[in-house]
$ cat my_file-v8.txt   # compact mmCIF, C-alpha atoms
# COMPACT_ATOMS: atom_id res chain seq x y z
CA MET A 14 -32.58 71.41 -21.93
CA LYS A 15 -29.14 70.93 -23.45
CA ALA A 16 -28.78 70.15 -27.16
CA ILE A 17 -26.92 66.97 -28.11
CA SER A 18 -23.65 67.61 -29.90
CA PHE A 19 -21.53 64.94 -31.53
CA ASP A 20 -17.80 64.62 -32.00
CA THR A 21 -17.75 64.51 -35.80
CA THR A 22 -14.77 62.17 -36.14
CA ASN A 23 -16.13 59.51 -33.80
CA ALA A 24 -19.68 59.92 -35.10
CA LEU A 25 -18.48 59.38 -38.66
CA CYS A 26 -16.38 56.34 -37.72
CA GLY A 27 -19.17 54.84 -35.60
CA SER A 28 -21.69 55.36 -38.39
CA ILE A 29 -19.43 53.74 -40.98
CA LEU A 30 -18.69 50.72 -38.74
CA THR A 31 -22.39 50.30 -37.95
CA ALA A 32 -23.37 50.54 -41.62
CA VAL A 33 -20.71 48.06 -42.73
CA GLY A 34 -21.68 45.66 -39.93
CA LEU A 35 -25.35 45.84 -40.85
CA PHE A 36 -24.55 45.33 -44.53
CA PHE A 37 -22.54 42.18 -43.84
CA ALA A 38 -25.18 40.91 -41.42
CA TRP A 39 -27.78 41.35 -44.15
CA GLN A 40 -25.53 39.55 -46.64
CA SER A 41 -24.88 36.66 -44.25
CA PHE A 42 -28.60 35.92 -44.05
CA GLY A 43 -28.35 34.75 -47.67
CA LEU A 44 -26.24 31.82 -46.42
CA GLU A 45 -27.29 28.97 -44.16
CA ILE A 46 -26.77 30.11 -40.56
CA GLY A 47 -27.05 26.80 -38.70
CA THR A 48 -26.75 26.51 -34.92
CA ALA A 49 -23.93 26.98 -32.44
CA PHE A 50 -23.19 23.24 -32.56
CA ARG A 51 -23.65 22.82 -36.32
CA MET A 52 -22.47 26.10 -37.80
CA GLY A 53 -23.38 26.89 -41.36
CA PRO A 54 -21.35 29.05 -43.76
CA GLY A 55 -23.24 32.18 -42.66
CA TYR A 56 -22.78 31.72 -38.90
CA PHE A 57 -19.30 33.22 -38.50
CA PRO A 58 -19.88 36.20 -40.84
CA LEU A 59 -23.09 36.96 -38.93
CA LEU A 60 -21.23 36.77 -35.62
CA LEU A 61 -18.43 39.05 -36.84
CA SER A 62 -20.88 41.53 -38.33
CA ALA A 63 -22.78 41.62 -35.02
CA VAL A 64 -19.53 42.45 -33.20
CA LEU A 65 -18.69 45.12 -35.78
CA THR A 66 -22.17 46.64 -35.48
CA LEU A 67 -21.94 46.62 -31.68
CA LEU A 68 -18.56 48.36 -31.77
CA GLY A 69 -19.93 50.94 -34.20
CA VAL A 70 -22.90 51.66 -31.94
CA VAL A 71 -20.60 51.99 -28.90
CA ILE A 72 -18.38 54.46 -30.75
CA LEU A 73 -21.45 56.36 -31.97
CA VAL A 74 -22.83 56.63 -28.42
CA GLN A 75 -19.42 57.71 -27.11
CA SER A 76 -19.28 60.44 -29.74
CA ALA A 77 -22.24 62.13 -28.07
CA ARG A 78 -20.60 62.01 -24.65
CA VAL A 79 -16.93 62.73 -25.29
CA HIS A 80 -15.63 65.53 -27.49
CA GLY A 81 -12.32 64.79 -29.17
CA GLU A 82 -10.07 66.67 -31.49
CA PRO A 83 -11.40 67.97 -34.80
CA MET A 84 -10.77 65.89 -37.89
CA GLY A 85 -7.40 66.70 -39.41
CA PRO A 86 -6.38 66.83 -43.05
CA ILE A 87 -6.68 63.69 -45.15
CA ALA A 88 -3.33 61.96 -45.67
CA ILE A 89 -3.22 61.84 -49.46
CA ARG A 90 0.39 60.62 -49.55
CA GLY A 91 -0.51 57.71 -47.28
CA MET A 92 -3.37 56.68 -49.52
CA PHE A 93 -1.19 56.78 -52.64
CA PHE A 94 1.41 54.48 -51.08
CA ILE A 95 -0.58 52.22 -48.72
CA LEU A 96 -3.50 51.33 -51.01
CA PRO A 97 -1.43 50.19 -54.04
CA ALA A 98 1.01 48.14 -51.92
CA PRO A 99 -1.18 45.02 -51.44
CA ILE A 100 -2.33 45.28 -55.06
CA PHE A 101 1.32 45.30 -56.14
CA PHE A 102 1.94 42.24 -53.94
CA GLY A 103 -0.96 40.35 -55.47
CA LEU A 104 0.15 41.14 -59.01
CA THR A 105 3.83 40.25 -58.51
CA VAL A 106 4.02 37.43 -55.98
CA ARG A 107 3.76 34.70 -58.63
CA GLY A 108 6.21 36.29 -61.02
CA LEU A 109 8.79 37.69 -58.62
CA GLY A 110 8.31 35.18 -55.84
CA PHE A 111 7.52 35.68 -52.17
CA VAL A 112 10.74 37.34 -50.98
CA PRO A 113 11.03 40.10 -53.62
CA ALA A 114 7.27 40.75 -53.53
CA VAL A 115 7.25 41.20 -49.74
CA PHE A 116 10.38 43.35 -49.88
CA LEU A 117 9.06 45.66 -52.62
CA THR A 118 5.56 45.83 -51.13
CA SER A 119 6.88 46.90 -47.76
CA LEU A 120 9.28 49.32 -49.43
CA ILE A 121 6.35 50.96 -51.23
CA ALA A 122 4.33 51.13 -48.00
CA CYS A 123 7.27 52.61 -46.08
CA PHE A 124 7.14 55.79 -48.12
CA ALA A 125 3.61 56.61 -46.95
CA SER A 126 5.26 58.62 -44.19
CA HIS A 127 7.21 61.71 -45.18
CA ARG A 128 9.56 61.07 -42.23
CA MET A 129 10.78 57.71 -43.58
CA LYS A 130 14.37 57.85 -44.78
CA PRO A 131 15.38 55.63 -47.75
CA LEU A 132 18.06 53.67 -45.86
CA TRP A 133 15.72 53.00 -42.95
CA ALA A 134 12.95 51.95 -45.38
CA ILE A 135 15.31 49.42 -47.00
CA ALA A 136 16.29 48.07 -43.57
CA VAL A 137 12.65 47.72 -42.47
CA SER A 138 11.70 46.04 -45.76
CA LEU A 139 14.63 43.64 -45.56
CA GLY A 140 13.76 42.77 -41.96
CA LEU A 141 10.12 42.16 -42.84
CA ALA A 142 11.08 39.97 -45.80
CA ILE A 143 13.44 37.87 -43.66
CA PHE A 144 10.85 37.58 -40.87
CA SER A 145 8.17 36.54 -43.38
CA VAL A 146 10.35 33.84 -44.89
CA VAL A 147 11.29 32.47 -41.46
CA VAL A 148 7.66 32.37 -40.31
CA PHE A 149 5.84 31.28 -43.47
CA SER A 150 8.46 29.18 -45.24
CA TYR A 151 10.41 27.55 -42.42
CA GLY A 152 7.95 27.83 -39.52
CA LEU A 153 4.69 26.95 -41.25
CA ASN A 154 6.18 25.09 -44.26
CA LEU A 155 3.87 26.83 -46.72
CA PRO A 156 4.46 25.70 -50.31
CA PHE A 157 5.42 28.80 -52.25
CA GLU A 158 8.36 29.87 -54.34
CA ARG A 159 10.76 32.17 -52.54
CA PHE A 160 12.01 33.53 -55.86
CA GLY A 161 9.76 33.33 -58.93
CA PRO A 162 10.53 33.05 -62.64
CA TRP A 163 11.07 36.80 -63.01
CA ALA A 164 13.79 36.85 -60.34
CA ARG A 165 15.83 33.68 -60.95
CA PHE A 166 19.50 33.93 -60.07

$ encode --input "my_file-v8.txt" --output "structure tokens"
Amino acid sequence: MKAISFDTTNALCGSILTAVGLFFAWQSFGLEIGTAFRMGPGYFPLLLSAVLTLLGVVILVQSARVHGEPMGPIAIRGMFFILPAPIFFGLTVRGLGFVPAVFLTSLIACFASHRMKPLWAIAVSLGLAIFSVVVFSYGLNLPFERFGPWARF
């Protein structure tokens, strides 16, 4: 009889997804679920957590069947630039306004990769800021200040 061996990367990811899905399913039972025709506030979170749990179980089962590459080193630089970027956006969007906050947030996130050149990072950030203004301000007509009190011209 052959011993079961797991691909550690997929087993870890599947376990985490399953655990998070089960946690949110458990939390959604504290809200009124309702029915499919009269959904309560806990219906959609329960549905999403069921999908997340199912995906986690599928990945966990696949980890026993398929062996992938070993887990590589943890990208510390990526964590130091990607994780603070949305926090920076949340703290500065009211003071700086939408355009400078999006530009600076994407500029911070660009440097998570060691291959990103400064000129290319500025171009990507500028493009994302312009795209965001076109979509959210002109396309969707969302009521926000493009430039806040800290960045008045």

$ residues_around --input "my_file-v8.txt" --residues "Ser119 in chain A" --least-positions-apart "5" --cutoff "8 Å" --atoms "all atoms listed in the file" --output "mmCIF file with C-alpha atoms, keeping the file's coordinate frame"
data_model
loop_
_atom_site.group_PDB
_atom_site.id
_atom_site.type_symbol
_atom_site.label_atom_id
_atom_site.label_comp_id
_atom_site.auth_asym_id
_atom_site.auth_seq_id
_atom_site.Cartn_x
_atom_site.Cartn_y
_atom_site.Cartn_z
ATOM 1 C CA ALA A 98 1.010 48.140 -51.920
ATOM 2 C CA VAL A 137 12.650 47.720 -42.470
ATOM 3 C CA SER A 138 11.700 46.040 -45.760
ATOM 4 C CA LEU A 141 10.120 42.160 -42.840
#

$ residues_around --input "my_file-v8.txt" --residues "range 92-94 of chain A" --least-positions-apart "5" --cutoff "8 Å" --atoms "all atoms listed in the file" --output "PDB file with C-alpha atoms, keeping the file's coordinate frame"
ATOM      1  CA  ILE A 121       6.350  50.960 -51.230  1.00  0.00           C
ATOM      2  CA  ALA A 122       4.330  51.130 -48.000  1.00  0.00           C
ATOM      3  CA  CYS A 123       7.270  52.610 -46.080  1.00  0.00           C
ATOM      4  CA  PHE A 124       7.140  55.790 -48.120  1.00  0.00           C
ATOM      5  CA  ALA A 125       3.610  56.610 -46.950  1.00  0.00           C
TER       6      ALA A 125
END

$ residues_around --input "my_file-v8.txt" --residues "Val70 in chain A" --least-positions-apart "3" --cutoff "12 Å" --atoms "only C-alpha atoms" --output "number ranges by chain"
A: 23-35, 63-67, 73-77

$ residues_around --input "my_file-v8.txt" --residues "Ser145 in chain A" --least-positions-apart "3" --cutoff "12 Å" --atoms "only C-alpha atoms" --output "short mmCIF file (atom, residue, chain, number, x, y, z; two decimals) with C-alpha atoms, keeping the file's coordinate frame"
data_model
loop_
_atom_site.label_atom_id
_atom_site.label_comp_id
_atom_site.auth_asym_id
_atom_site.auth_seq_id
_atom_site.Cartn_x
_atom_site.Cartn_y
_atom_site.Cartn_z
CA PHE A 111 7.52 35.68 -52.17
CA VAL A 112 10.74 37.34 -50.98
CA PRO A 113 11.03 40.10 -53.62
CA ALA A 114 7.27 40.75 -53.53
CA VAL A 115 7.25 41.20 -49.74
CA PHE A 116 10.38 43.35 -49.88
CA SER A 119 6.88 46.90 -47.76
CA SER A 138 11.70 46.04 -45.76
CA LEU A 139 14.63 43.64 -45.56
CA GLY A 140 13.76 42.77 -41.96
CA LEU A 141 10.12 42.16 -42.84
CA ALA A 142 11.08 39.97 -45.80
CA VAL A 148 7.66 32.37 -40.31
CA PHE A 149 5.84 31.28 -43.47
CA SER A 150 8.46 29.18 -45.24
CA TYR A 151 10.41 27.55 -42.42
CA GLY A 152 7.95 27.83 -39.52
CA LEU A 153 4.69 26.95 -41.25
CA ASN A 154 6.18 25.09 -44.26
CA LEU A 155 3.87 26.83 -46.72
CA ARG A 159 10.76 32.17 -52.54
#

$ atom_distance --input "my_file-v8.txt" --atom1 "CA of Gly47 in chain A" --atom2 "CA of Leu59 in chain A"
10.9 Å

$ residues_around --input "my_file-v8.txt" --residues "Pro58 in chain A" --least-positions-apart "5" --cutoff "9 Å" --atoms "all atoms listed in the file" --output "PyMOL selection string"
chain A and resi 37-38+40-41+63

$ closest_residue --input "my_file-v8.txt" --among "A:Glu45, A:Phe144, A:Leu120, A:Val106" --to "Phe157 in chain A" --atoms "only C-alpha atoms"
A:Val106

$ atom_distance --input "my_file-v8.txt" --atom1 "CA of Pro162 in chain A" --atom2 "CA of Arg107 in chain A"
8.0 Å

$ atom_distance --input "my_file-v8.txt" --atom1 "CA of Ala88 in chain A" --atom2 "CA of Trp133 in chain A"
21.2 Å
